Every structure is written in C-alpha cells, then in structure tokens.
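Peer 1: I have a structure I would like to understand better, so I am pasting it below and will then ask my questions one at a time.
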Amino acid sequence: MWLSALVAFLLLPLAGVAAESPTLHWSLPADASPATRDAALAALAVELLEPPAASSLTDIQRSQLLLVARRPTEASVTIARLQQSFRDAGDAARAQRWVPYLLYAQARADTDDTLDAAYDRAFRAHFARLDDLAALQTHYWFVTNLSAAEIELRDALAAQAGKSIITRDAALELLRQAAFVQTYASTTTLAPALIEEDEHRRFEIDDDVRIPVKDGVVLSAHVVRQRSVRTPQPAAMMFTIYTNPQKNRSQAALAAARGYVGVVVDARGKRNGTGQVAPYETEGEDANAAIDWISRRPWNNGQVVMYGGSYSGFAAWAAAKHAHPALKAIAPYVAAIPGLGLPMENNVSLSANYAWPFYVANTRLLDNDTYNQRSRWDALTENWYRSGRPYRQIDAVDGTPNPWLQRWLAHPDYDAYWQAMVPYGDDYARITIPVLSVTGYYDDGQISALEYFKQHTRRVPGADHRLLIGPYDHFGSQASVKAMELRGYTVDPVAQFDTQGITFEWFDHVLRGAPLPALLSDRINYQLMGANRWEHAPSLDAAAGAYRVFHLTSTRDGDRYRLSEQAPHQRDAISQTVDFADRSTQRHSYYPYPIVRDGVPTDGGLAFVSDAFPAPVDVVGSFSGDLKIRINKRDVDLTVTLYELMQDGRVMQLSYFVGRASYARDMTRRQLLTPGRWTTLPLQRTRMTGRQLAAGSRLLVIVDVLKDAQHQVNHGTGRDVSDESVADAVEPLKIDWHPDSVLRIPLREKTPQAAN
C-alpha cells in the first residue's frame, strides 16, 4: 500500500502548465520499439526546449525535458538550482525529492566511466555531505513502484500513437512521465545496494533480534543505533503486523537518526518470530513484554516510547493498558479500536477490511498478491449483496474461508473479547503518561482515535493528552508530506506538517525538556479548514464554542425539509419505506468520497437544510443528537451525514454517523426496538470536523437507513444480523422520523484569533 501511495504521489504533476496549449510535431507508430519511442520523446523534448516554447517553462519542466532530451549536464545545473529554490522556501522535502533525478543526471553527464561507476561516485559524494536524518529522509525518495509508472507511461503513449501532432499540455505531461520512468529505471537498479551501504556506515543494524514473550513465543525485531553514540539512550518502539523488512529497518533507522534506539517489533508469528498470527488478540501482552526486554538492554536508559499509525497506534494503546514503568509516552496515529471502529463501527460490521486478515496473516511477511486483487474484493461485496445471502456466508460467496471474519462476527456486542484488546473503562485511569493522538477529519478510523481521547481525558482529567487533527485521510494523517488535494478538496497550505517529525519533537519535549512544538500548544490542536490557520483549545467543548440545537422538521423547503433551530409547529412525522428485498438499489452513501461535490447526493435519503448564515461561522467538533423514530421491525441501521451547502450549490462533507439502533444506548448489550412504538435514540460517536463555513452557506443533513453492499444488511428481525438473509425481507421497513428529533451541532459565529 505504501509503495502504491508513494508512486501516486511521485507521479503527481509537479507544476502547472501554460493556459495556452499550441500543437507540436509528433510521430510514434503504435508498434514502435523502445529505442524509437525514446527517440521520439527526446525529439519532442528538444522542440519544447527551443525558443519561443522554452520561455514559459518552469525549472521543474525544464529539468524533466533536459533529462529526456539527453542533455544531462544542463539537467544537473537546472535541478541543483531548483533544489536551492525549495531550500530557500523552507521546503526541504521537495529538495530531497529531486535527489534521484540529480544523481541520475550527474551519472549520465560523466562520460569518463560506466554508468554504474559514475552513479556510485555521485551517490557517495552527495550522501557524504548529509547528516543521518537528512540522509534517511532522502533515501525515502529512491523507492517507488516502477512497474506502475511504466504502465502509466505506456498507456499515455498508446493514447498518442499514430498522431502527427500533440498539444503542448499533453507533451509536457508525457515528458514528465518519461523523465520519471527513465530516472527510476536506473535508480531502482543502482541505488538499493548504495542505500544499504550508507545505512550501515551510519548505524549499527541488527535485523535478527529475538524477544521472548509468554508461553515460549519469540518475537523478531529490528534494532538500530547510531554508531557515533555509545551511551544508553531512550528507545522508540513501533510494534507492527505489517512485516516489510526493508521498510521496517528504515523506520528503526529514522528513530535512531533522531537520537533514539530505533526498535521495530514484528507481531507474533511474523518474519522470524514464533507462535500463531492472532490479529488484535495478543498485542498488549506481547508489546508489554517487548518494553520490558528493551528496558533491560545495556543500550537503553530505562525509557521507552511507542509510536505509529493504525495497527501500530492500536498496539501502543494495547501496551499502555499494562502500564509498564519503562513506558514513558505514546504517540498513536489514527489508532484503531477493534470492535468499535473496525471490523465493525457502532456494532455494524463493514467490509472495508474484509481482505486485511489475508494480507497480514497468510504469510510471515505480507500477502500482497492476494490483498492487491482489488477487482476480486470489489466484486465480492457486490456479488454477496445481490445474492441476498447472510453476511456470515460472504466468504462462501468468495470461495475462500475467512476464519478471522467468522471469529469477529461471533462477537456482535462490544463484549469482553473486544474489551480485552485495548484500555476499557477504569483501565484508562492507570494511564498517566503523556499521549499524542494524531488523526484526520477524513480518517476512516477517526471514531477510534476520538474515543481513546475522550475516555482517557474523562478518567484522567489532568492527563497530558494532546490531539492533533486536520484535513487528512487515514494515510495522510501518518505521512511526512501531506497531499494538498484530498478527494476533491483543496487543502489549506498551512495544513502541511511532518507527522513523524512532530512526534519526535514532542518526545524530546517529554523526555529531554526540549521546547514544546508550537503546533501542540494546547490539548486540542486543529486546522480550521477554509481559514488557512491552526487553532488551539484546552478541551473539545472549548474548541466547539457552543452547541446549537436543530430540529428535523417536516416543513418543506423545496424538495428538502427545514433544519430549524425553532421547535416545529407542524408535528407530522416524515415516513420512509425501504425494501431490503430489492438488491438492485442501494441507499445514500455516507462515505466522504468525494469530499466536495457539485450537487446534493440524496440517493433516497431525507435532506434537511438550515437557513443561510449571514456571516462566516465555524463548525468545530462532533455533532450529536437524539433521533425519535418508529419502525415496523425490531431493529434498523441508520446513517446521518453533515454537509456544508455552499451558495453555488456545491456541498462539502463535514462529518457522519453510522450505527445500529439496538446498540445506540449501550454498545455492550443489544436492546431491540418495539415495532410500532416511538423510541428516542441517543446519537453518539460521530466524527470531528473543523471548518469555517462561508457567509451564505447552509448546513445540510441527510438521514437514511443503511442499505448497501459495504455493510451487513439489517433486516430487523431481532436475530443476529449476520444470520439474516433476503428471505427475512418479506415486509419492507417502514420508518417514521418524528419532528422531535434533534441534532446538536458545534457552531461559533465569531471566529477567535488564531493562536499562531
């Protein structure tokens, strides 16, 4: 996954092109040989480098064209100038990103020796000037998915084959892709051995560490220490089930470059370890044992910190539950709570992680071949949905047993099975160490990260627990470089930060008394979308400012209903009918993809709109509420989605809720509804947002019954939903929404001054 994300990032256009797009000469037969193809691309690059076309080129475009035009000496000079401009602007990451291009150009320009020998000299000379951290950060840009890039270039060339002209825009895009492929065709062959050599020159690396845990099980680990440091240091540990030796060694080395002993521990049964892979079930005890082992090593000063994203964030919390005295701080990013955020959310099982157990548990490393069968997994959910079979039989539809899915489906309550995996209830009161939680408004697992924060600060009111949140998805929240375009939303420039960089600055503050990073100046630290600034608050309520109550009224507003702060005079309920036997249709999708869209995506849901705001207003925090409904069955799964409806008709998704009515009051115990009787359901565990709504915008809320291929289908019989099938859909669901239903939405009419 990380390679795919990296190549996608590397292949993003690096600069805009001119508004005008004149045509250029072009000739490439459909059956052209690689040599003919490269010659055609070189000729195209040369034409663009000549006046007058060259006058409007940026240095980024000029660098790419010079590489493809086979003018490496000029390319070296231009790339070096480009890198300096990035450094002058304080953007070291973009300067590092161009190092593979620079070294390739320098090696091509050195005609006195073979390419291999010239590349070796250029690489060693460049990295000899870098400190350990800069070297490792630069190593990152040498790894990519070359085959994916080659396929993209091949497809782009095929689209232009047989033509006699090409537009300037299309030519620049084609040459950008060609420069990437030509550079990395050499880089992926020549750089790996040099990178390994550079790592070992700087660090003592042990990839074959064995850590004993309970019941005779042994975990494998990477341990990396700086060669220049001989005194005991604190250890920074990441515990992971994603066993990628090259990536994990590099991760440990990055921690070492920041002044820690870097330790990456593989989950049991992975790599060189023993025992059976058991996702989520033994991480707490195993990570705690690893902390104890590390604390007794001569290279450790008795202080251990844990960090990492998603599963590794979960593992940090699982370890914290045991409160080992050597564990001094944790920094979990987008941390999962099994049973709450995945593989079910608010007691609704979802299919997004269906293939994940195969990926992590099939082999001692990672089963990429199985996991990357995206068409198989996409087709599976649709095939199961259309079949009408019980959700428990979805693996039978696939044809391959999924024992972990079956194990999880056996626990539809948030019961002792799930509770044992992470802190629960009073467990939080024993966690007195500092915590840094990082998540995103569009992180699929945000519900878990927020729950950790809320439970911890509720039971330890004075906890040094800081939340860092902004417009990021699951991967962006963890990344050193954030995507500035996210699912159709243009991210504010100020939202850019390095997650791991801020983590180690914070660790230095906690352990070594270094200054607190300004980005973490209070307990709640959030990027206010649309305002291009960060804000800070001592609590979620303080960040919200005020919660205003809106009623889901039955008063019409065109083809929608009024979302009103006034109690409705009209008391009629709004009715919906949902036929679960009809598997040719699906209901409103709550998932924020895209985040910004051109129109209101009702798709059968009930839409409610507020009055327009006369001035900008901030929505900061999570909405909640009480839904008063009446159904003709014993249960139903519901969705509530919150949007900004802009003056131009576009909508931006802010937050959502998905959950099962019978668990609304208590996730640990199912309480079925009485058919035909009104019931009020508390609405909790929604997602946090931080957005400055423009003057003239309105709030848009869509409520609906959940019915799609990505989740269980709750037919409302009251039996285990996993055992229900389309045969239980004899009578359509009838649901009435009472106008006493309310939502509490955090709104601030006056935006406070930014803290930085």
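Each chain in the structure tokens gets a letter, A, B and so on, in the order shown; residues start at 1 in every chain, and ligands are counted from 1 in the order they appear.
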Using only C-alpha atoms, which residues sit within 9 Å of Leu174 (chain A) once same-chain residues fewer than 3 positions away are excluded, as a list of chain:residue names?

Peer 2: A:Leu41, A:Leu153, A:Ala156, A:Leu157, A:Asp169, A:Ala170, A:Ala171, A:Gln177, A:Ala178, A:Ala179

Peer 1: List every residue of region 503-708 of chain A that DSSP, applied to the backbone of this structure, assigns to alpha helix (DSSP H), and report them as a PyMOL selection string.

Peer 2: chain A and resi 503-512+540-544

Peer 1: Counting only C-alpha atoms, which of A:Asn353, A:Asn346, A:Ser722, A:Thr111 gets nearest to Arg665 (chain A)?

Peer 2: A:Asn346

Peer 1: Could you jot down the CA of Gln276 (chain A) to CA of Ala410 (chain A) separation for me, Å, one decimal place?

Peer 2: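 A separation of 20.0 Å between them.
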
Peer 1: From a DSSP pass on the backbone, collect the residues of region 402-640 of chain A flagged as strand (DSSP E) and hand them back as JSON, numbers by chain.

Peer 2: {"A": [435, 436, 437, 438, 439, 440, 441, 442, 465, 466, 467, 468, 469, 470, 471, 472, 473, 485, 486, 489, 490, 524, 525, 526, 527, 528, 533, 534, 535, 536, 537, 547, 548, 549, 550, 551, 552, 553, 554, 555, 556, 557, 560, 561, 562, 563, 564, 574, 575, 576, 577, 578, 596, 597, 606, 607, 608, 609, 617, 618, 619, 620, 621, 622, 624, 625, 626, 627, 628, 629, 630, 631, 637, 638, 639, 640]}

Peer 1: What is the distance between CA of His324 (chain A) and CA of Glu285 (chain A), in Å to one decimal?

Peer 2: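 If I compute the distance from CA of His324 (chain A) to CA of Glu285 (chain A), I get 10.6 Å.
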
Peer 1: With only C-alpha atoms as the counted atoms, please give the residues lying no more than 12 Å from Gly530 (chain A), apart from itself and same-chain residues fewer than 4 positions off, as an mmCIF file with C-alpha atoms, in the first residue's frame.

Peer 2:
data_model
loop_
_atom_site.group_PDB
_atom_site.id
_atom_site.type_symbol
_atom_site.label_atom_id
_atom_site.label_comp_id
_atom_site.auth_asym_id
_atom_site.auth_seq_id
_atom_site.Cartn_x
_atom_site.Cartn_y
_atom_site.Cartn_z
ATOM 1 C CA GLY A 470 -6.675 18.307 10.357
ATOM 2 C CA PRO A 471 -7.919 17.644 6.799
ATOM 3 C CA TYR A 489 -10.969 19.266 -1.586
ATOM 4 C CA THR A 490 -8.060 21.719 -1.920
ATOM 5 C CA VAL A 491 -6.286 21.634 1.431
ATOM 6 C CA ASP A 492 -5.190 24.896 3.071
ATOM 7 C CA PRO A 493 -1.405 25.419 2.673
ATOM 8 C CA VAL A 494 -0.897 25.767 6.433
ATOM 9 C CA ALA A 495 -2.142 22.198 6.945
ATOM 10 C CA TRP A 534 -4.325 26.269 13.127
ATOM 11 C CA PRO A 616 -18.815 33.127 8.305
ATOM 12 C CA VAL A 617 -19.376 30.550 11.022
ATOM 13 C CA ASP A 618 -17.080 27.848 12.371
ATOM 14 C CA VAL A 619 -18.099 24.227 12.822
ATOM 15 C CA GLU A 644 -21.871 22.432 4.132
ATOM 16 C CA MET A 652 -18.671 19.661 1.272
ATOM 17 C CA THR A 689 -14.607 18.363 11.853
ATOM 18 C CA GLY A 690 -13.091 21.847 11.791
ATOM 19 C CA ARG A 691 -14.400 24.082 9.024
ATOM 20 C CA GLN A 692 -15.073 27.778 8.532
ATOM 21 C CA LEU A 693 -18.327 27.970 6.589
ATOM 22 C CA ALA A 694 -18.567 30.908 4.229
ATOM 23 C CA ALA A 695 -21.233 33.569 4.543
ATOM 24 C CA THR A 751 -14.030 33.097 14.949
#

Peer 1: So which one's closest to Leu511 (chain A), A:Asn301, A:Thr639, A:Ser351, A:Ser539? Using only C-alpha atoms, please.

Peer 2: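 Residue with the minimum atom-to-atom distance to Leu511 (chain A): A:Asn301.
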
Peer 1: Using only C-alpha atoms, pick whichever of A:Ala449, A:Val304, A:Leu528, A:Leu627 has the shortest atom-to-atom distance to Arg744 (chain A).

Peer 2: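 Using only C-alpha atoms, the shortest distance to Arg744 (chain A) belongs to A:Leu627.
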
Peer 1: Enter the distance from CA of Val578 (chain A) to CA of Leu409 (chain A), in Å, rounded to one decimal.

Peer 2: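 Separation of CA of Val578 (chain A) and CA of Leu409 (chain A): 24.9 Å.
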
Peer 1: Near region 706-708 of chain A, counting only C-alpha atoms, which residues have an atom at most 7 Å away, once you skip same-chain residues fewer than 3 positions from it, shown as a list in words?

Peer 2: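 Selected residues are Gln586, Arg587, Asp637, Leu638, Thr639, His711 and Val713 of chain A.
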
Peer 1: What's around Phe507 (chain A) at 10 Å? Count only C-alpha atoms, leave out sequence neighbours fewer than 6 positions away in its own chain, and write the answer as a PyMOL selection string.

Peer 2: chain A and resi 234+236+260+305-307+328-331+434-436+501+513-514+516

Peer 1: Counting only C-alpha atoms, what is within 9 Å of Pro332 (chain A), bar same-chain residues fewer than 5 positions away, as a CSV table (one decimal) with C-alpha atoms, in the first residue's frame?

Peer 2:
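around_32.csv was written with the following content:
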chain,number,residue,atom,x,y,z
A,306,MET,CA,5.9,3.9,21.4
A,307,TYR,CA,4.5,5.5,18.2
A,308,GLY,CA,3.0,4.5,14.9
A,309,GLY,CA,-0.2,4.6,12.9
A,310,SER,CA,-3.3,2.5,12.5
A,312,SER,CA,0.7,0.3,15.4
A,313,GLY,CA,-1.2,3.0,17.1
A,314,PHE,CA,-3.6,0.4,18.4
A,315,ALA,CA,-0.6,-1.6,19.7
A,316,ALA,CA,0.7,1.4,21.6
A,317,TRP,CA,-2.7,1.7,23.4
A,435,VAL,CA,-0.1,10.9,24.9
A,436,LEU,CA,-0.1,12.5,21.5
A,437,SER,CA,-3.0,11.4,19.3
A,438,VAL,CA,-2.9,12.3,15.6
A,439,THR,CA,-5.9,11.8,13.3
A,449,ALA,CA,-8.9,8.0,17.9

Peer 1: A:Glu505, A:Arg677, A:Ser250, A:Pro423: which is nearest Gly284 (chain A), counting only C-alpha atoms?

Peer 2: A:Pro423

Peer 1: From the options A:Leu467, A:Ile631, A:Ala429, A:Val224, which residue's atoms come nearest to Ala543 (chain A), counting only C-alpha atoms?

Peer 2: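 Distance minimum relative to Ala543 (chain A) lands on A:Leu467.
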
Peer 1: Pick from A:Ala117, A:Ala267, A:Leu654, A:Ala326: nearest to Ser295 (chain A), with only C-alpha atoms counted?

Peer 2: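 Distance minimum relative to Ser295 (chain A) lands on A:Ala326.
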
Peer 1: With a distance cut-off of 12 Å and only C-alpha atoms, select the neighbouring residues of Tyr428 (chain A), excluding the residue or stretch itself and same-chain residues fewer than 2 positions from it, and output the selection as a ChimeraX atom specification.

Peer 2: /A:317-323,422-426,430-433,435,451-461,463,465
